[in-house]
Every structure is written in C-alpha cells, then in structure tokens.
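S.K.: Input target_11.tsv, format and content: TSV, C-alpha atoms and all ligand atoms.
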```tsv
chain	number	residue	atom	x	y	z
A	274	MET	CA	0.00	0.00	0.00
A	275	ILE	CA	1.36	3.43	-0.96
A	276	PRO	CA	-0.46	6.09	1.10
A	277	GLN	CA	-1.16	9.54	-0.29
A	278	ALA	CA	0.39	11.12	2.81
A	279	ASP	CA	2.33	9.62	5.72
A	280	PRO	CA	2.82	11.87	8.76
A	281	ARG	CA	4.09	8.90	10.80
A	282	ALA	CA	7.07	8.58	8.45
A	283	GLY	CA	7.95	12.19	9.27
A	284	TYR	CA	7.89	11.37	12.98
A	285	LEU	CA	10.02	8.25	12.54
A	286	ALA	CA	12.62	10.19	10.51
A	287	GLN	CA	13.34	12.37	13.59
A	288	ARG	CA	12.12	10.04	16.31
A	289	ARG	CA	15.03	10.42	18.75
A	290	GLU	CA	15.00	14.23	18.64
A	291	ILE	CA	11.21	14.45	18.84
A	292	ASP	CA	11.00	12.00	21.74
A	293	ALA	CA	13.71	13.98	23.57
A	294	ALA	CA	11.86	17.26	22.95
A	295	ILE	CA	8.62	15.79	24.28
A	296	ALA	CA	10.38	14.41	27.37
A	297	ARG	CA	11.95	17.83	27.98
A	298	VAL	CA	8.51	19.48	28.03
A	299	LEU	CA	6.93	16.78	30.17
A	300	GLU	CA	9.70	17.06	32.73
A	301	GLY	CA	9.83	20.87	32.60
A	302	GLY	CA	6.32	21.14	34.02
A	303	ARG	CA	5.19	24.13	31.96
A	304	TYR	CA	2.67	23.08	29.33
A	305	ILE	CA	1.09	26.31	28.06
A	306	LEU	CA	2.83	29.43	26.64
A	307	GLY	CA	6.32	28.74	27.93
A	308	GLU	CA	9.75	28.86	26.35
A	309	GLU	CA	9.03	26.24	23.69
A	310	VAL	CA	6.25	28.35	22.17
A	311	ALA	CA	8.28	31.56	22.48
A	312	GLY	CA	11.33	29.87	20.93
A	313	PHE	CA	9.34	28.37	18.07
A	314	GLU	CA	7.52	31.65	17.39
A	315	ARG	CA	10.89	33.41	17.10
A	316	ALA	CA	12.44	30.69	14.92
A	317	PHE	CA	9.46	30.42	12.58
A	318	ALA	CA	9.00	34.20	12.20
A	319	ASP	CA	12.73	34.49	11.37
A	320	TYR	CA	12.42	31.68	8.85
A	321	ILE	CA	9.47	33.37	7.12
A	322	GLY	CA	11.12	36.78	7.33
A	323	VAL	CA	8.58	38.66	9.48
A	324	GLY	CA	8.83	40.41	12.82
A	325	HIS	CA	6.25	38.45	14.80
A	326	GLY	CA	4.78	34.97	15.08
A	327	VAL	CA	1.86	34.19	17.38
A	328	GLY	CA	1.25	30.50	18.00
A	329	VAL	CA	-2.41	29.50	18.08
A	330	GLY	CA	-4.56	26.38	18.22
A	331	SER	CA	-4.96	25.72	14.47
A	332	GLY	CA	-4.65	27.22	11.01
A	333	THR	CA	-8.35	28.04	11.11
A	334	ASP	CA	-7.87	29.98	14.34
A	335	ALA	CA	-4.86	31.77	12.84
A	336	LEU	CA	-7.13	33.05	10.03
A	337	VAL	CA	-9.97	33.97	12.40
A	338	LEU	CA	-7.69	35.86	14.77
A	339	ALA	CA	-5.90	37.60	11.89
A	340	LEU	CA	-9.27	38.80	10.58
A	341	ARG	CA	-10.33	39.89	14.06
A	342	ALA	CA	-7.00	41.68	14.52
A	343	ILE	CA	-7.72	43.94	11.55
A	344	GLY	CA	-11.21	44.53	12.94
A	345	VAL	CA	-13.57	43.13	10.30
A	346	GLY	CA	-17.23	43.86	10.97
A	347	PRO	CA	-20.58	42.24	10.08
A	348	GLU	CA	-21.08	44.47	7.01
A	349	ASP	CA	-17.57	43.79	5.66
A	350	TYR	CA	-16.81	41.45	2.81
A	351	VAL	CA	-13.63	39.38	2.74
A	352	ALA	CA	-12.68	38.05	-0.69
A	353	THR	CA	-11.21	34.60	-1.13
A	354	VAL	CA	-11.57	31.49	-3.27
A	355	SER	CA	-14.08	28.63	-3.22
A	356	HIS	CA	-11.56	26.03	-4.41
A	357	THR	CA	-9.82	25.62	-1.05
A	358	ALA	CA	-10.13	23.93	2.32
A	359	VAL	CA	-13.47	24.93	3.82
A	360	ALA	CA	-11.49	26.56	6.66
A	361	SER	CA	-10.44	29.50	4.43
A	362	VAL	CA	-14.09	30.50	4.05
A	363	ALA	CA	-15.40	29.30	7.42
A	364	ALA	CA	-12.84	31.54	9.15
A	365	ILE	CA	-14.37	34.63	7.53
A	366	GLU	CA	-17.80	33.90	8.99
A	367	LEU	CA	-16.31	32.84	12.33
A	368	ALA	CA	-14.63	36.27	12.47
A	369	GLY	CA	-18.02	37.88	11.88
A	370	ALA	CA	-17.63	39.00	8.25
A	371	ARG	CA	-19.08	37.96	4.86
A	372	PRO	CA	-17.18	35.77	2.40
A	373	LEU	CA	-17.03	36.96	-1.21
A	374	LEU	CA	-15.91	34.15	-3.47
A	375	ILE	CA	-13.71	34.72	-6.50
A	376	ASP	CA	-12.93	32.13	-9.17
A	377	ILE	CA	-9.50	30.58	-9.67
A	378	ASP	CA	-7.00	30.88	-12.48
A	379	PRO	CA	-7.27	27.34	-13.92
A	380	ALA	CA	-3.55	26.99	-14.66
A	381	ASN	CA	-2.43	27.60	-11.07
A	382	PHE	CA	-5.56	26.83	-9.00
A	383	THR	CA	-5.13	30.15	-7.15
A	384	LEU	CA	-7.23	33.33	-6.97
A	385	ASP	CA	-7.80	34.93	-10.39
A	386	ALA	CA	-6.35	38.42	-9.97
A	387	ALA	CA	-8.17	39.78	-13.05
A	388	GLU	CA	-11.50	38.77	-11.52
A	389	LEU	CA	-10.46	40.32	-8.19
A	390	ALA	CA	-9.75	43.57	-10.07
A	391	ARG	CA	-13.29	43.51	-11.53
A	392	VAL	CA	-14.79	42.88	-8.09
A	393	LEU	CA	-12.79	45.69	-6.49
A	394	ALA	CA	-13.84	48.06	-9.27
A	395	SER	CA	-17.52	47.47	-8.50
A	396	PRO	CA	-17.79	45.88	-5.04
A	397	PRO	CA	-21.07	44.68	-3.49
A	398	GLY	CA	-20.18	46.64	-0.31
A	399	ARG	CA	-17.03	47.41	1.67
A	400	ILE	CA	-14.32	44.82	1.04
A	401	ALA	CA	-12.13	44.81	4.13
A	402	ALA	CA	-9.62	42.15	3.15
A	403	VAL	CA	-8.59	39.58	0.59
A	404	VAL	CA	-7.33	36.14	1.59
A	405	PRO	CA	-5.23	34.64	-1.21
A	406	VAL	CA	-4.63	30.93	-0.65
A	407	HIS	CA	-1.24	29.54	-1.73
A	408	LEU	CA	-2.93	26.30	-2.68
A	409	TYR	CA	-1.00	23.02	-2.95
A	410	GLY	CA	2.23	24.89	-2.06
A	411	GLN	CA	2.23	27.26	-5.05
A	412	PRO	CA	2.29	31.00	-4.29
A	413	ALA	CA	-0.83	32.88	-5.40
A	414	ASP	CA	-0.44	35.76	-7.85
A	415	LEU	CA	0.65	38.29	-5.22
A	416	ASP	CA	2.48	40.40	-7.81
A	417	ALA	CA	-0.96	41.36	-9.13
A	418	ILE	CA	-3.00	41.05	-5.92
A	419	LEU	CA	-0.86	43.19	-3.59
A	420	PRO	CA	-0.88	46.41	-5.68
A	421	LEU	CA	-4.61	45.98	-6.38
A	422	ALA	CA	-5.38	45.60	-2.68
A	423	ARG	CA	-3.18	48.56	-1.78
A	424	ARG	CA	-4.90	50.76	-4.37
A	425	HIS	CA	-8.33	49.93	-2.95
A	426	GLY	CA	-7.36	50.12	0.75
A	427	VAL	CA	-7.99	46.40	1.23
A	428	ARG	CA	-5.91	44.36	3.71
A	429	VAL	CA	-4.18	41.17	2.58
A	430	ILE	CA	-4.14	38.07	4.79
A	431	GLU	CA	-2.22	35.22	3.18
A	432	ASP	CA	-3.52	31.69	3.76
A	433	CYS	CA	-0.20	29.83	4.03
A	434	ALA	CA	-1.60	26.58	5.41
A	435	GLN	CA	-0.10	24.72	2.44
A	436	SER	CA	2.93	26.87	1.58
A	437	HIS	CA	5.51	26.71	4.39
A	438	GLY	CA	8.77	27.88	2.85
A	439	ALA	CA	7.49	28.67	-0.67
A	440	ARG	CA	9.24	31.67	-2.18
A	441	LEU	CA	7.97	34.43	-4.42
A	442	GLY	CA	10.88	36.49	-5.72
A	443	ALA	CA	13.15	37.16	-2.76
A	444	GLY	CA	10.56	36.62	-0.02
A	445	ARG	CA	8.69	33.68	1.45
A	446	THR	CA	4.92	33.36	1.43
A	447	GLY	CA	3.69	34.81	4.69
A	448	SER	CA	5.96	37.85	4.49
A	449	PHE	CA	3.95	39.81	1.90
A	450	GLY	CA	0.50	40.43	3.39
A	451	ASP	CA	-0.51	42.52	6.41
A	452	LEU	CA	-0.82	39.17	8.15
A	453	ALA	CA	-0.55	35.51	7.25
A	454	ALA	CA	-1.96	32.29	8.69
A	455	PHE	CA	-0.14	28.95	8.88
A	456	SER	CA	-1.51	25.54	9.82
A	457	PHE	CA	0.60	22.82	11.42
A	458	TYR	CA	-1.94	20.03	10.83
A	459	PRO	CA	0.10	16.79	10.82
A	460	THR	CA	0.23	16.30	7.03
A	461	LYS	CA	1.31	19.90	6.25
A	462	ASN	CA	4.87	20.59	5.02
A	463	LEU	CA	5.60	21.57	8.61
A	464	GLY	CA	3.26	19.41	10.67
A	465	ALA	CA	2.76	18.94	14.40
A	466	LEU	CA	1.60	15.76	16.15
A	467	GLY	CA	-1.83	17.28	16.65
A	468	ASP	CA	-3.43	20.63	15.85
A	469	GLY	CA	-1.49	23.87	15.74
A	470	GLY	CA	-1.23	27.12	13.82
A	471	MET	CA	0.48	30.49	13.71
A	472	ALA	CA	-0.46	33.99	12.65
A	473	VAL	CA	2.51	36.09	11.53
A	474	THR	CA	2.84	39.80	10.85
A	475	GLY	CA	5.45	42.50	10.52
A	476	ASP	CA	3.17	45.00	12.28
A	477	ASP	CA	3.87	45.49	16.00
A	478	ALA	CA	0.35	46.67	16.84
A	479	LEU	CA	-1.33	43.78	14.98
A	480	ALA	CA	0.98	41.32	16.75
A	481	GLU	CA	0.01	42.74	20.12
A	482	ARG	CA	-3.66	42.45	19.22
A	483	LEU	CA	-3.16	38.82	18.12
A	484	ARG	CA	-1.47	37.96	21.42
A	485	ALA	CA	-4.40	39.41	23.33
A	486	LEU	CA	-7.03	37.78	21.12
A	487	ARG	CA	-5.56	34.28	21.48
A	488	GLU	CA	-5.88	34.42	25.27
A	489	TYR	CA	-9.14	35.90	26.58
A	490	GLY	CA	-8.27	39.38	25.29
A	491	TRP	CA	-5.62	39.70	27.99
A	492	ARG	CA	-2.87	42.26	27.73
A	493	GLU	CA	-2.32	41.75	31.43
A	494	ARG	CA	-3.26	38.49	33.14
A	495	TYR	CA	-6.93	38.45	34.26
A	496	VAL	CA	-7.66	41.78	32.53
A	497	SER	CA	-9.64	41.28	29.31
A	498	ASP	CA	-9.27	44.43	27.22
A	499	VAL	CA	-11.09	42.93	24.24
A	500	PRO	CA	-13.35	39.88	23.95
A	501	GLY	CA	-10.81	37.17	23.21
A	502	ALA	CA	-10.66	33.45	22.57
A	503	ASN	CA	-8.65	30.62	24.00
A	504	SER	CA	-6.46	29.46	21.14
A	505	ARG	CA	-2.89	28.76	22.21
A	506	LEU	CA	-0.27	26.61	20.57
A	507	ASP	CA	0.81	24.25	23.35
A	508	GLU	CA	4.33	23.57	24.58
A	509	LEU	CA	4.40	19.95	23.37
A	510	GLN	CA	3.47	20.85	19.81
A	511	ALA	CA	5.87	23.82	19.79
A	512	ALA	CA	8.75	21.59	20.97
A	513	VAL	CA	7.99	19.08	18.19
A	514	LEU	CA	7.69	21.85	15.60
A	515	ARG	CA	11.06	23.33	16.63
A	516	VAL	CA	12.67	20.00	15.84
A	517	LYS	CA	10.80	19.60	12.57
A	518	LEU	CA	11.53	23.16	11.40
A	519	GLY	CA	15.19	22.12	11.15
A	520	ARG	CA	14.26	19.65	8.43
A	521	LEU	CA	11.70	21.73	6.53
A	522	GLU	CA	14.06	22.95	3.80
A	523	SER	CA	15.37	19.47	2.99
A	524	CYS	CA	11.82	18.08	3.08
A	525	ASN	CA	10.65	20.78	0.66
A	526	ALA	CA	13.61	20.00	-1.63
A	527	ARG	CA	12.67	16.31	-1.57
A	528	ARG	CA	9.03	17.17	-2.38
A	529	ALA	CA	10.22	19.26	-5.36
A	530	ALA	CA	12.46	16.42	-6.58
A	531	LEU	CA	9.56	13.94	-6.34
A	532	ALA	CA	7.34	16.40	-8.23
A	533	ALA	CA	9.95	16.71	-10.98
A	534	ALA	CA	10.09	12.90	-11.20
A	535	TYR	CA	6.29	12.76	-11.56
A	536	ASP	CA	6.50	15.42	-14.29
A	537	ARG	CA	9.01	13.35	-16.25
A	538	GLY	CA	7.20	10.06	-15.68
A	539	LEU	CA	3.74	11.33	-16.60
A	540	ALA	CA	4.72	13.46	-19.61
A	541	GLY	CA	2.68	12.73	-22.73
A	542	LEU	CA	-0.32	11.19	-20.95
A	543	ASP	CA	-3.81	12.67	-21.15
A	544	LEU	CA	-3.40	14.29	-17.73
A	545	GLY	CA	-2.97	17.93	-16.73
A	546	LEU	CA	0.30	18.30	-14.81
A	547	PRO	CA	0.96	21.07	-12.26
A	548	ALA	CA	2.17	24.44	-13.55
A	549	ARG	CA	4.89	26.47	-11.84
A	550	ARG	CA	4.46	30.20	-11.47
A	551	ALA	CA	7.40	32.13	-12.96
A	552	GLY	CA	9.63	33.69	-10.31
A	553	ALA	CA	8.20	31.51	-7.56
A	554	SER	CA	9.10	28.25	-5.86
A	555	HIS	CA	6.38	25.62	-5.41
A	556	VAL	CA	6.81	23.55	-2.22
A	557	PHE	CA	4.46	20.79	-3.40
A	558	HIS	CA	2.32	20.31	-0.35
A	559	GLN	CA	0.34	18.36	-2.94
A	560	TYR	CA	1.14	17.10	-6.43
A	561	VAL	CA	-2.21	17.62	-8.14
A	562	ILE	CA	-3.06	16.42	-11.63
A	563	ARG	CA	-6.19	16.96	-13.69
A	564	ALA	CA	-7.67	13.73	-14.98
A	565	PRO	CA	-10.66	13.54	-17.36
A	566	ALA	CA	-12.18	10.36	-15.86
A	567	ARG	CA	-10.88	11.14	-12.41
A	568	ASP	CA	-13.14	8.99	-10.21
A	569	ALA	CA	-12.65	5.82	-12.27
A	570	LEU	CA	-8.90	6.39	-12.34
A	571	ARG	CA	-8.86	6.88	-8.58
A	572	GLN	CA	-10.70	3.60	-8.03
A	573	ARG	CA	-8.33	1.68	-10.29
A	574	LEU	CA	-5.31	3.14	-8.49
A	575	ALA	CA	-6.85	2.16	-5.14
A	576	ALA	CA	-7.32	-1.40	-6.42
A	577	ARG	CA	-3.54	-1.48	-6.94
A	578	GLY	CA	-2.84	-0.21	-3.45
A	579	ILE	CA	-2.14	3.39	-4.46
A	580	GLY	CA	-3.76	6.01	-2.25
A	581	THR	CA	-4.92	9.32	-3.70
A	582	THR	CA	-6.99	12.19	-2.32
A	583	ILE	CA	-9.21	14.85	-3.86
A	584	HIS	CA	-8.38	18.37	-2.73
A	585	TYR	CA	-11.27	19.29	-2.86
A	586	PRO	CA	-14.26	17.30	-4.11
A	587	VAL	CA	-16.90	19.99	-3.45
A	588	PRO	CA	-16.13	23.73	-3.67
A	589	VAL	CA	-17.13	25.65	-0.57
A	590	HIS	CA	-20.07	27.46	-2.24
A	591	LEU	CA	-21.70	24.09	-3.02
A	592	GLN	CA	-21.23	22.61	0.47
A	593	PRO	CA	-24.49	22.05	2.36
A	594	ALA	CA	-23.56	24.63	5.01
A	595	TYR	CA	-22.93	27.40	2.45
A	596	ARG	CA	-24.93	26.57	-0.66
A	597	GLY	CA	-26.87	29.49	-2.10
A	598	ARG	CA	-26.01	32.02	0.58
A	599	LEU	CA	-22.50	33.33	-0.16
A	600	ALA	CA	-21.58	36.32	-2.33
A	601	ILE	CA	-19.90	35.35	-5.59
A	602	GLY	CA	-17.84	37.37	-8.10
A	603	PRO	CA	-19.50	38.41	-11.41
A	604	ALA	CA	-17.73	35.72	-13.47
A	605	GLY	CA	-19.17	32.94	-11.29
A	606	LEU	CA	-17.18	29.96	-10.07
A	607	GLY	CA	-17.05	27.77	-13.17
A	608	GLU	CA	-13.32	27.06	-12.94
A	609	SER	CA	-13.65	26.16	-9.26
A	610	GLU	CA	-16.42	23.69	-10.10
A	611	ARG	CA	-14.43	22.20	-12.97
A	612	ALA	CA	-11.36	21.80	-10.73
A	613	ALA	CA	-13.45	19.94	-8.16
A	614	ARG	CA	-14.44	17.43	-10.87
A	615	GLU	CA	-10.93	16.92	-12.26
A	616	VAL	CA	-8.25	17.22	-9.57
A	617	LEU	CA	-6.44	14.26	-8.06
A	618	SER	CA	-3.62	14.44	-5.50
A	619	LEU	CA	-1.00	11.73	-5.97
A	620	PRO	CA	1.11	10.23	-3.17
A	621	LEU	CA	3.63	12.86	-2.08
A	622	TYR	CA	5.55	13.21	1.17
A	623	PRO	CA	9.29	13.57	1.82
A	624	GLU	CA	9.79	9.94	2.83
A	625	LEU	CA	8.12	8.56	-0.32
A	626	GLY	CA	10.76	6.34	-1.94
A	627	ASP	CA	11.87	6.48	-5.57
A	628	GLU	CA	10.58	2.92	-6.16
A	629	ALA	CA	7.16	3.79	-4.77
A	630	LEU	CA	6.97	6.84	-7.01
A	631	ALA	CA	8.01	4.70	-9.99
A	632	ALA	CA	5.19	2.27	-9.14
A	633	VAL	CA	2.65	5.12	-9.13
A	634	VAL	CA	3.98	6.37	-12.48
A	635	ALA	CA	3.87	2.87	-13.99
A	636	ALA	CA	0.26	2.39	-12.83
A	637	LEU	CA	-0.77	5.74	-14.28
A	638	ARG	CA	0.98	5.02	-17.59
A	639	GLU	CA	-1.06	1.86	-17.85
A	640	LEU	CA	-4.40	3.27	-16.66
A	641	ALA	CA	-4.57	6.91	-17.77
B	701	LIG	C1	-5.77	26.17	2.67
B	701	LIG	C2	-6.07	25.88	4.11
B	701	LIG	N1	-6.50	26.86	4.90
B	701	LIG	C3	-6.76	26.65	6.20
B	701	LIG	C4	-6.61	25.41	6.77
B	701	LIG	C5	-6.98	25.21	8.20
B	701	LIG	O1	-5.96	24.71	9.01
B	701	LIG	P1	-6.30	23.80	10.28
B	701	LIG	O2	-6.72	22.47	9.80
B	701	LIG	O3	-4.99	23.78	11.02
B	701	LIG	O4	-7.35	24.53	11.06
B	701	LIG	C6	-6.13	24.35	6.00
B	701	LIG	C7	-5.87	23.00	6.53
B	701	LIG	O5	-6.71	22.21	6.81
B	701	LIG	C8	-5.87	24.59	4.61
B	701	LIG	O6	-5.43	23.61	3.82
```
Would you put the structure from the file into structure tokens?
M.R.:
Amino acid sequence: MIPQADPRAGYLAQRREIDAAIARVLEGGRYILGEEVAGFERAFADYIGVGHGVGVGSGTDALVLALRAIGVGPEDYVATVSHTAVASVAAIELAGARPLLIDIDPANFTLDAAELARVLASPPGRIAAVVPVHLYGQPADLDAILPLARRHGVRVIEDCAQSHGARLGAGRTGSFGDLAAFSFYPTKNLGALGDGGMAVTGDDALAERLRALREYGWRERYVSDVPGANSRLDELQAAVLRVKLGRLESCNARRAALAAAYDRGLAGLDLGLPARRAGASHVFHQYVIRAPARDALRQRLAARGIGTTIHYPVPVHLQPAYRGRLAIGPAGLGESERAAREVLSLPLYPELGDEALAAVVAALRELA
C-alpha cells in the first residue's frame, strides 16, 4: 500500500530528537505558553522573514484571529476562493464577516487576480480584506493582488496553510500580506503531532492584538481588554515543531524532486500536470493532476494499493452549510467547479521512496 500522505514517516525520521523534545517538556512542568512556544515563534518568524509569530490552536484559528486583529465587521466582505479547504471560508464567517468568493485561475488553482480587479472596481459593499490561498504549495499571484489591494485600501491576509517555505521572488509566502496564517496540521509541510497554527505579521500593533485575542483578550493576566478566545499553541506541539523546522528545507527539496520525477514520468499522458508560477518556488504540499475520468482512475489506483486524495471534491459554495447564501464574483465559479471534478492528489511526502513513485507512475501510464 502506498499512502497519499504519511505523517508517521515524518515522525520516525526524527524520532530520537522528537521524543527527547517531548520528554523535555513533560519534565519541565510548563505546558502552556512557555519557552518552547516563544522559541518556536521566534524561529518560525525568522524563517518566514517577518517580525512576529503568534502561536495559536490551528490554522483556522490563525485566520480567524488575523481577521479579528484587523477589525472586520458584520457588514464587511472578505474576498477569497471557493476552491480551497473549507477553513479558508469558514474563518471569515467565524470572524463575523461575509465571504465573497472569486474564481480561480485554472492553470495555477489560485485566486484569479483579473476577476479580483473587476470585483474591487464594483464591489457589493465594503471589502475589508482579501485572503489569497497559496494552494497546494504554489504562491498565489501576489504580484498582481498586492498592488490591487493597496490601491483599494484592502488588507491582505495570506492563507499559508499549504505553503511553508514557498518563495515568491526574494521573499517567502507569509511575508507579503498585512498578516498571514499557517496551519501545522500533521500532514502539512511543517506538521505537528496534533493541531497547531500560527499567525505572523510585521506590524507590531497587529501582533500585540493577536497575542491578546488568542488568550481571553488579555494584555495583562486576568484583565480582558477585548473579547478574546482561547487558542494557544501548546508547549508539546511547539517543541515538536522546533525539531521539525530544522528539516523543513530538505523536506521541501525532496518534495520538489519527487514532483519533478512525476513530471518526467507522466509526460505525454492525457493528464494535466501542475504548472509552476514564474519567479516563484512551489513547495508541493500536494502534487495535483487533472484527470478527465478522475473517479474511475482513482478507483483503479486504489485497487492497486495506491492512495490518492481529492483536494477538494466539493467547492465551498456548493457545500451544504454554504450553498446558495454566499456572495460570488461576477464571473461565477465555473473554474472552481471544474477543478473539483478533475483534480487528483497523488502520493507525495518527503519519505516517499523512488521505487514507490516509480510504481505510481507505472500504474498511471497503464491506466490513464
Ligand atoms: C488552505 C487551508 N486553509 C486553512 C486550513 C486550516 O488549518 P487547520 O486544519 O490547522 O485549522 C487548511 C488546513 O486544513 C488549509 O489547507
């Protein structure tokens, strides 16, 4: 069996160091907001190239708290995509604002900047922020989105849940927006052994607001200045993440090498292979192909012991919880709906062996 993702293999690759880090926390006796979280926040913010990192309970919470930090209100729209994890959109409502869904650029699966420009030129109401999602590990079109947002006075919150370490020009994703949100869900490029997330920003005042919001609105213990939440990255996860951060670059390089091997192996088949944005590095959180008869292909691969996943089978605007009630850009969401029918994520994780990849390629060459 070749799984589509294998977080356990990531643990086993650093087992001694991770076990030692966990033991250190257990014996230290401080389990919430201690030196592991502070040390990881510093290390991760430095890695991304921003001034502040605020560890929180999940990537979803990082988005919610980032939106609350900029002060979105119930009349405000926040633009994002529908072809994403439901969390990107759910966070907007959880923060008390209205999602406004924009279609994707079909080549890159990320927010279509031309459609965003049309929406900003004639908005349905005040658009407070845009949340570009660096989906599958590929940076969104920030070269177009950032100047547009600036011109219209709209904040940018990057959804970096899938793009730890991806570069765009000289900077890393997470260093371009007013704020950015990372997830450390176990299968992410940097994954914890449970839930975890971080909001990062270069803005001192926003960082202070985030720190208050993640813990009951406290600036001072037991004094709630604003209505806050309880969403803290815990010491155990931070200690594990500090260890795993040391291996992130080599893991991303291995993901890119595996992706290049898939590209070579699958060339010439009737499959759409992932594009790379010029001037950017893709960290291949997922290697996603487009396949015409996707569901049949997926079943045949499963029969041969090859695991695949669909990211994502139903766009957010067609999910039962959201259907028919979210604002949508003027061009509609046709490309998002087509992507949901065609995409297939192949096995990809740093510990995937060359032979396993060759077996996936051979199966696809026979079946596709
Ligand atoms: C694009 C995207 N945004 C947000 C999230 C939410 O992160 P979490 O699962 O840590 O809440 C995820 C991960 O599930 C994601 O893939």
S.K.: Around ligand LIG 701 (chain B), out to 6 Å and counting all atoms listed in the file, which residues are there? I want them as a ChimeraX atom specification.
M.R.: /A:331-333,357-358,360-361,406,432,434-435,456-458,468-470
S.K.: Using all atoms listed in the file, give me every residue within 8 Å of (8.2, 31.3, -2.0) in file coordinates, as an MDAnalysis selection string.
M.R.: chainID A and resid 411:412 436 438:446 553:556
S.K.: Mind dumping the selected residues with C-alpha atoms as a PDB file, keeping the file's coordinate frame?
M.R.:
```pdb
ATOM      1  CA  GLN A 411       2.230  27.260  -5.050  1.00  0.00           C
ATOM      2  CA  PRO A 412       2.290  31.000  -4.290  1.00  0.00           C
ATOM      3  CA  SER A 436       2.930  26.870   1.580  1.00  0.00           C
ATOM      4  CA  GLY A 438       8.770  27.880   2.850  1.00  0.00           C
ATOM      5  CA  ALA A 439       7.490  28.670  -0.670  1.00  0.00           C
ATOM      6  CA  ARG A 440       9.240  31.670  -2.180  1.00  0.00           C
ATOM      7  CA  LEU A 441       7.970  34.430  -4.420  1.00  0.00           C
ATOM      8  CA  GLY A 442      10.880  36.490  -5.720  1.00  0.00           C
ATOM      9  CA  ALA A 443      13.150  37.160  -2.760  1.00  0.00           C
ATOM     10  CA  GLY A 444      10.560  36.620  -0.020  1.00  0.00           C
ATOM     11  CA  ARG A 445       8.690  33.680   1.450  1.00  0.00           C
ATOM     12  CA  THR A 446       4.920  33.360   1.430  1.00  0.00           C
ATOM     13  CA  ALA A 553       8.200  31.510  -7.560  1.00  0.00           C
ATOM     14  CA  SER A 554       9.100  28.250  -5.860  1.00  0.00           C
ATOM     15  CA  HIS A 555       6.380  25.620  -5.410  1.00  0.00           C
ATOM     16  CA  VAL A 556       6.810  23.550  -2.220  1.00  0.00           C
TER      17      VAL A 556
END
```
S.K.: Choose the residue, out of A:Ile601, A:Ala548, A:Gly312, A:Glu608, that has the smallest atom-to-atom separation from Leu389 of chain A; count only C-alpha atoms.
M.R.: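 The answer is A:Ile601, which sits nearest to Leu389 of chain A.
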S.K.: For Leu338 of chain A, which residue among A:Val516, A:Leu483, A:Leu509, A:Ile430 is the nearest when counting all atoms listed in the file?
M.R.: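 Comparing A:Val516, A:Leu483, A:Leu509, A:Ile430 against Leu338 of chain A, the winner is A:Leu483.
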S.K.: In Å, how far is it from atom CA of Leu466 of chain A to atom CA of Leu531 of chain A?
M.R.: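 Spanning atom CA of Leu466 of chain A to atom CA of Leu531 of chain A is a straight-line distance of 23.9 Å.
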S.K.: Hey, which of A:Asp414, A:Thr474, A:Val362, A:Asp536 ends up closest to Ala387 of chain A? Count all atoms listed in the file.
M.R.: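 Closest residue, counting all atoms listed in the file: A:Asp414.
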S.K.: Near segment 313-322 of chain A, within 10 Å and counting only C-alpha atoms, which residues show up once chain neighbours fewer than 5 positions away are dropped, as a list in words?
M.R.: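 My list of contacting residues is Glu308, Val327, Gly328, His437, Gly438, Ala439, Arg440, Gly444, Arg445, Thr446, Gly447, Ser448, Phe449, Met471, Ala472, Val473, Thr474, Gly475, Leu506, Glu508, Gln510, Ala511, Ala512, Val513, Leu514, Arg515, Val516, Leu518 and Gly519 of chain A.
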S.K.: What does the structure give for the distance between atom CA of Gly467 of chain A and atom CA of Val298 of chain A, in Å to one decimal?
M.R.: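 Rounded to one decimal, the two atoms are 15.5 Å apart.
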S.K.: Can you work out the spacing between atom CA of Ala402 of chain A and atom CA of Val323 of chain A in Å, to one decimal?
M.R.: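 Interatomic distance here is 19.6 Å.
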S.K.: For Ala632 of chain A, please output as a PDB file with C-alpha atoms, in the coordinates of the input all residues within 12 Å (counting all atoms listed in the file; exclusion window: fewer than 4 positions along the same chain).
M.R.:
```pdb
ATOM      1  CA  MET A 274       0.000   0.000   0.000  1.00  0.00           C
ATOM      2  CA  ILE A 275       1.360   3.430  -0.960  1.00  0.00           C
ATOM      3  CA  ALA A 534      10.090  12.900 -11.200  1.00  0.00           C
ATOM      4  CA  TYR A 535       6.290  12.760 -11.560  1.00  0.00           C
ATOM      5  CA  GLY A 538       7.200  10.060 -15.680  1.00  0.00           C
ATOM      6  CA  LEU A 539       3.740  11.330 -16.600  1.00  0.00           C
ATOM      7  CA  LEU A 574      -5.310   3.140  -8.490  1.00  0.00           C
ATOM      8  CA  ARG A 577      -3.540  -1.480  -6.940  1.00  0.00           C
ATOM      9  CA  GLY A 578      -2.840  -0.210  -3.450  1.00  0.00           C
ATOM     10  CA  ILE A 579      -2.140   3.390  -4.460  1.00  0.00           C
ATOM     11  CA  GLY A 580      -3.760   6.010  -2.250  1.00  0.00           C
ATOM     12  CA  LEU A 619      -1.000  11.730  -5.970  1.00  0.00           C
ATOM     13  CA  PRO A 620       1.110  10.230  -3.170  1.00  0.00           C
ATOM     14  CA  LEU A 625       8.120   8.560  -0.320  1.00  0.00           C
ATOM     15  CA  GLY A 626      10.760   6.340  -1.940  1.00  0.00           C
ATOM     16  CA  ASP A 627      11.870   6.480  -5.570  1.00  0.00           C
ATOM     17  CA  GLU A 628      10.580   2.920  -6.160  1.00  0.00           C
ATOM     18  CA  ALA A 636       0.260   2.390 -12.830  1.00  0.00           C
ATOM     19  CA  LEU A 637      -0.770   5.740 -14.280  1.00  0.00           C
ATOM     20  CA  ARG A 638       0.980   5.020 -17.590  1.00  0.00           C
ATOM     21  CA  GLU A 639      -1.060   1.860 -17.850  1.00  0.00           C
TER      22      GLU A 639
END
```
S.K.: Report as a ChimeraX atom specification all protein, DNA and RNA residues lying within 10 Å of Val561 of chain A, evaluated on all atoms listed in the file, omitting residues in the same chain fewer than 4 positions from it.
M.R.: /A:382,409,532,545-548,557,581-584,615-621
S.K.: Calculated over only C-alpha atoms, which of the candidates A:Tyr560, A:Asp451, A:Arg505, A:Glu348 has the smallest distance to Leu306 of chain A?
M.R.: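 Checking each candidate against Leu306 of chain A, we get A:Arg505 as the closest.
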